[in-house]
file query-v8.cif (mmCIF, C-alpha atoms)
data_upload
#
loop_
_atom_site.group_PDB
_atom_site.id
_atom_site.type_symbol
_atom_site.label_atom_id
_atom_site.label_comp_id
_atom_site.auth_asym_id
_atom_site.auth_seq_id
_atom_site.Cartn_x
_atom_site.Cartn_y
_atom_site.Cartn_z
ATOM 1 C CA GLN A 155 21.723 -62.037 -45.897
ATOM 2 C CA LEU A 156 21.643 -58.688 -44.147
ATOM 3 C CA GLN A 157 19.800 -55.966 -45.955
ATOM 4 C CA LEU A 158 17.688 -52.854 -45.677
ATOM 5 C CA VAL A 159 14.887 -52.220 -48.130
ATOM 6 C CA GLU A 160 13.190 -48.871 -48.572
ATOM 7 C CA SER A 161 9.674 -48.466 -49.933
ATOM 8 C CA GLY A 162 6.971 -45.833 -50.223
ATOM 9 C CA GLY A 163 8.557 -43.533 -52.746
ATOM 10 C CA GLY A 164 6.687 -42.176 -55.726
ATOM 11 C CA LEU A 165 5.303 -39.074 -57.362
ATOM 12 C CA VAL A 166 3.716 -36.445 -55.153
ATOM 13 C CA GLN A 167 2.584 -32.893 -55.780
ATOM 14 C CA PRO A 168 4.278 -29.972 -54.068
ATOM 15 C CA GLY A 169 2.848 -29.594 -50.598
ATOM 16 C CA GLY A 170 1.916 -33.250 -50.471
ATOM 17 C CA SER A 171 2.987 -36.032 -48.147
ATOM 18 C CA LEU A 172 4.665 -39.402 -48.372
ATOM 19 C CA ARG A 173 5.610 -42.014 -45.832
ATOM 20 C CA LEU A 174 8.757 -43.991 -46.482
ATOM 21 C CA SER A 175 9.443 -47.317 -44.840
ATOM 22 C CA CYS A 176 12.716 -49.075 -44.163
ATOM 23 C CA ALA A 177 12.555 -52.819 -43.540
ATOM 24 C CA ALA A 178 15.424 -54.884 -42.206
ATOM 25 C CA SER A 179 15.978 -58.517 -42.999
ATOM 26 C CA GLY A 180 18.642 -60.861 -41.727
ATOM 27 C CA PHE A 181 19.220 -58.833 -38.572
ATOM 28 C CA THR A 182 17.253 -57.061 -35.888
ATOM 29 C CA LEU A 183 17.258 -53.293 -35.746
ATOM 30 C CA ASN A 184 17.109 -52.823 -32.002
ATOM 31 C CA ARG A 185 20.896 -52.313 -31.730
ATOM 32 C CA TYR A 186 21.018 -49.842 -34.585
ATOM 33 C CA ALA A 187 20.448 -46.160 -34.985
ATOM 34 C CA ILE A 188 18.787 -45.502 -38.326
ATOM 35 C CA ASN A 189 19.569 -42.532 -40.506
ATOM 36 C CA TRP A 190 17.785 -41.301 -43.586
ATOM 37 C CA PHE A 191 19.764 -39.701 -46.386
ATOM 38 C CA ARG A 192 18.815 -38.380 -49.780
ATOM 39 C CA GLN A 193 20.627 -37.652 -52.987
ATOM 40 C CA ALA A 194 19.187 -35.404 -55.635
ATOM 41 C CA PRO A 195 20.332 -35.649 -59.262
ATOM 42 C CA GLY A 196 23.717 -34.030 -59.674
ATOM 43 C CA LYS A 197 24.049 -33.246 -55.983
ATOM 44 C CA GLU A 198 25.908 -34.706 -53.043
ATOM 45 C CA ARG A 199 24.224 -36.977 -50.553
ATOM 46 C CA GLU A 200 22.502 -35.124 -47.738
ATOM 47 C CA GLY A 201 21.661 -36.340 -44.255
ATOM 48 C CA VAL A 202 17.968 -35.981 -43.427
ATOM 49 C CA SER A 203 17.258 -37.515 -40.034
ATOM 50 C CA CYS A 204 18.406 -39.985 -37.450
ATOM 51 C CA ILE A 205 16.662 -41.966 -34.761
ATOM 52 C CA SER A 206 18.289 -43.757 -31.863
ATOM 53 C CA SER A 207 18.062 -47.509 -31.451
ATOM 54 C CA SER A 208 15.287 -47.192 -28.871
ATOM 55 C CA GLY A 209 13.491 -44.433 -30.727
ATOM 56 C CA SER A 210 13.773 -42.089 -27.772
ATOM 57 C CA SER A 211 15.952 -39.548 -29.592
ATOM 58 C CA THR A 212 15.663 -38.024 -33.029
ATOM 59 C CA HIS A 213 17.509 -35.372 -34.968
ATOM 60 C CA TYR A 214 16.664 -33.593 -38.207
ATOM 61 C CA ALA A 215 18.471 -31.526 -40.764
ATOM 62 C CA ASP A 216 17.408 -27.895 -40.548
ATOM 63 C CA SER A 217 15.920 -28.103 -44.032
ATOM 64 C CA VAL A 218 13.306 -30.672 -42.969
ATOM 65 C CA LYS A 219 12.743 -29.779 -39.321
ATOM 66 C CA GLY A 220 9.053 -29.398 -38.551
ATOM 67 C CA ARG A 221 7.974 -31.179 -41.736
ATOM 68 C CA PHE A 222 9.591 -34.635 -41.515
ATOM 69 C CA THR A 223 9.194 -37.134 -38.701
ATOM 70 C CA THR A 224 11.112 -40.362 -38.265
ATOM 71 C CA SER A 225 9.837 -43.200 -36.103
ATOM 72 C CA ARG A 226 10.473 -46.867 -35.599
ATOM 73 C CA ASP A 227 8.786 -50.061 -34.543
ATOM 74 C CA ASN A 228 11.478 -52.449 -33.364
ATOM 75 C CA ALA A 229 8.958 -55.238 -32.880
ATOM 76 C CA LYS A 230 8.269 -55.089 -36.612
ATOM 77 C CA ASN A 231 11.892 -54.354 -37.528
ATOM 78 C CA MET A 232 10.747 -51.223 -39.334
ATOM 79 C CA VAL A 233 11.676 -47.558 -39.470
ATOM 80 C CA TYR A 234 9.610 -44.812 -41.072
ATOM 81 C CA LEU A 235 10.030 -41.333 -42.456
ATOM 82 C CA GLN A 236 6.877 -39.242 -42.669
ATOM 83 C CA MET A 237 7.401 -36.362 -45.062
ATOM 84 C CA ASN A 238 4.935 -33.479 -45.189
ATOM 85 C CA SER A 239 4.811 -30.235 -47.157
ATOM 86 C CA LEU A 240 7.180 -31.636 -49.750
ATOM 87 C CA LYS A 241 8.986 -29.268 -52.093
ATOM 88 C CA PRO A 242 10.128 -29.856 -55.687
ATOM 89 C CA GLU A 243 13.766 -29.448 -54.640
ATOM 90 C CA GLU A 244 13.327 -32.480 -52.380
ATOM 91 C CA THR A 245 13.096 -34.757 -55.363
ATOM 92 C CA ALA A 246 15.768 -37.344 -54.666
ATOM 93 C CA VAL A 247 16.534 -40.960 -53.972
ATOM 94 C CA TYR A 248 16.006 -41.548 -50.272
ATOM 95 C CA TYR A 249 18.112 -44.098 -48.421
ATOM 96 C CA CYS A 250 17.934 -45.591 -44.977
ATOM 97 C CA ALA A 251 21.114 -46.712 -43.279
ATOM 98 C CA ALA A 252 21.904 -48.483 -40.008
ATOM 99 C CA GLY A 253 24.663 -47.793 -37.506
ATOM 100 C CA GLU A 254 25.251 -50.435 -34.845
ATOM 101 C CA TYR A 255 25.520 -49.110 -31.295
ATOM 102 C CA PHE A 256 25.551 -45.524 -32.505
ATOM 103 C CA ASP A 257 24.802 -43.110 -29.717
ATOM 104 C CA GLN A 258 22.994 -39.865 -30.440
ATOM 105 C CA ALA A 259 26.199 -37.926 -31.113
ATOM 106 C CA MET A 260 27.409 -40.536 -33.599
ATOM 107 C CA CYS A 261 23.976 -40.598 -35.205
ATOM 108 C CA VAL A 262 24.101 -36.856 -35.791
ATOM 109 C CA MET A 263 27.720 -36.878 -36.967
ATOM 110 C CA ALA A 264 26.910 -39.678 -39.402
ATOM 111 C CA LEU A 265 24.322 -37.386 -40.997
ATOM 112 C CA GLU A 266 27.163 -34.995 -41.706
ATOM 113 C CA GLY A 267 29.398 -37.726 -43.083
ATOM 114 C CA TYR A 268 31.809 -38.059 -40.180
ATOM 115 C CA TYR A 269 30.889 -41.676 -39.484
ATOM 116 C CA ASP A 270 30.228 -44.481 -41.907
ATOM 117 C CA MET A 271 26.992 -46.383 -41.564
ATOM 118 C CA ASP A 272 27.138 -50.160 -41.309
ATOM 119 C CA TYR A 273 24.338 -51.051 -43.732
ATOM 120 C CA TRP A 274 22.613 -49.194 -46.525
ATOM 121 C CA GLY A 275 19.465 -49.770 -48.472
ATOM 122 C CA ARG A 276 19.278 -49.299 -52.229
ATOM 123 C CA GLY A 277 17.013 -46.313 -52.012
ATOM 124 C CA THR A 278 13.546 -45.282 -53.103
ATOM 125 C CA LEU A 279 12.839 -42.440 -55.517
ATOM 126 C CA VAL A 280 10.700 -39.529 -54.389
ATOM 127 C CA THR A 281 9.587 -37.123 -57.099
ATOM 128 C CA VAL A 282 7.894 -33.899 -56.078
ATOM 129 C CA SER A 283 6.276 -32.356 -59.113
ATOM 130 C CA SER A 284 3.009 -30.975 -60.363
#

call {"tool": "encode", "arguments": {"input": "query-v8.cif", "output": "structure tokens"}}
result
Amino acid sequence: QLQLVESGGGLVQPGGSLRLSCAASGFTLNRYAINWFRQAPGKEREGVSCISSSGSSTHYADSVKGRFTTSRDNAKNMVYLQMNSLKPEETAVYYCAAGEYFDQAMCVMALEGYYDMDYWGRGTLVTVSS
């Protein structure tokens, strides 16, 4: 069974940090670009970041640039999203998603909804509140 599972969400104060993890089971991630998305209550899904299959290239939405960092460890079949200086408006369910053989351009366009991802996790809730 192929699946992605996110973890690491929770309650954090404004200005705080969280590290999300995305674990793959049933397949290996080394052929897949991994994107992070988020969806806040009552809002449309928003692309956050993407990382190439090798980890050599990353891209971030302008809203998180300089505060979020995505990384991966293909040996462990894991991808991460380090989130710093979190804001209340970033309260959302965060999802990781995999795109097989996505190049960097496809990775970026998938953030904007122009490509469908191949696999999605079920999400992890991040709540930024004092």

call {"tool": "residues_around", "arguments": {"input": "query-v8.cif", "residues": "Ile188 (chain A)", "least_positions_apart": "5", "cutoff": "7 Å", "atoms": "all atoms listed in the file", "output": "PyMOL selection string"}}
result
chain A and resi 204-206+250-253

call {"tool": "resolve_selection", "arguments": {"input": "query-v8.cif", "expression": "the PyMOL selection byres ((chain A and resi 203) around 8)", "output": "PyMOL selection string"}}
result
chain A and resi 189-191+201-202+204-205+212-215+224+265

call {"tool": "axis_aligned_box", "arguments": {"input": "query-v8.cif", "around": "region 216-225 of chain A", "padding_each_side": "3 Å", "output": "JSON"}}
result
{"center_x": 12.7, "center_y": -35.5, "center_z": -40.1, "size_x": 15.4, "size_y": 21.3, "size_z": 13.9}

call {"tool": "atom_distance", "arguments": {"input": "query-v8.cif", "atom1": "CA of Arg185 (chain A)", "atom2": "CA of Met263 (chain A)"}}
result
17.7 Å

call {"tool": "atom_distance", "arguments": {"input": "query-v8.cif", "atom1": "CA of Ser239 (chain A)", "atom2": "CA of Ser171 (chain A)"}}
result
6.2 Å

call {"tool": "atom_distance", "arguments": {"input": "query-v8.cif", "atom1": "CA of Ser175 (chain A)", "atom2": "CA of Val159 (chain A)"}}
result
8.0 Å

call {"tool": "closest_residue", "arguments": {"input": "query-v8.cif", "among": "A:Ser207, A:Trp274, A:Gln157, A:Lys197", "to": "Cys261 (chain A)", "atoms": "all atoms listed in the file"}}
result
A:Ser207

call {"tool": "closest_residue", "arguments": {"input": "query-v8.cif", "among": "A:Thr281, A:Gly209, A:Pro195, A:Met271", "to": "Tyr234 (chain A)", "atoms": "all atoms listed in the file"}}
result
A:Gly209

call {"tool": "resolve_selection", "arguments": {"input": "query-v8.cif", "expression": "the PyMOL selection byres ((chain A and resi 179-183) around 7)", "output": "VMD selection string"}}
result
chain A and resid 155 to 158 177 to 178 184 to 186 228 231

call {"tool": "residues_around", "arguments": {"input": "query-v8.cif", "residues": "Lys241 (chain A)", "least_positions_apart": "6", "cutoff": "12 Å", "atoms": "only C-alpha atoms", "output": "list of chain:residue names"}}
result
A:Leu165, A:Val166, A:Gln167, A:Pro168, A:Gly169, A:Gly170, A:Ser171, A:Leu172, A:Ser217, A:Val218, A:Arg221, A:Phe222, A:Val280, A:Thr281, A:Val282, A:Ser283, A:Ser284

call {"tool": "closest_residue", "arguments": {"input": "query-v8.cif", "among": "A:Glu200, A:Arg226, A:Tyr249, A:Val233", "to": "Cys176 (chain A)", "atoms": "only C-alpha atoms"}}
result
A:Val233

call {"tool": "resolve_selection", "arguments": {"input": "query-v8.cif", "expression": "the PyMOL selection byres ((chain A and resi 247) around 8)", "output": "ChimeraX atom specification"}}
result
/A:192-194,245-246,248-249,277-280

call {"tool": "residues_around", "arguments": {"input": "query-v8.cif", "residues": "Leu235 (chain A)", "least_positions_apart": "3", "cutoff": "6 Å", "atoms": "only C-alpha atoms", "output": "mmCIF file with C-alpha atoms, in the frame of the given file"}}
result
data_model
loop_
_atom_site.group_PDB
_atom_site.id
_atom_site.type_symbol
_atom_site.label_atom_id
_atom_site.label_comp_id
_atom_site.auth_asym_id
_atom_site.auth_seq_id
_atom_site.Cartn_x
_atom_site.Cartn_y
_atom_site.Cartn_z
ATOM 1 C CA ARG A 173 5.610 -42.014 -45.832
ATOM 2 C CA LEU A 174 8.757 -43.991 -46.482
ATOM 3 C CA THR A 223 9.194 -37.134 -38.701
ATOM 4 C CA THR A 224 11.112 -40.362 -38.265
#

call {"tool": "closest_residue", "arguments": {"input": "query-v8.cif", "among": "A:Arg199, A:Gly163, A:Gly267, A:Ala187", "to": "Ser225 (chain A)", "atoms": "only C-alpha atoms"}}
result
A:Ala187
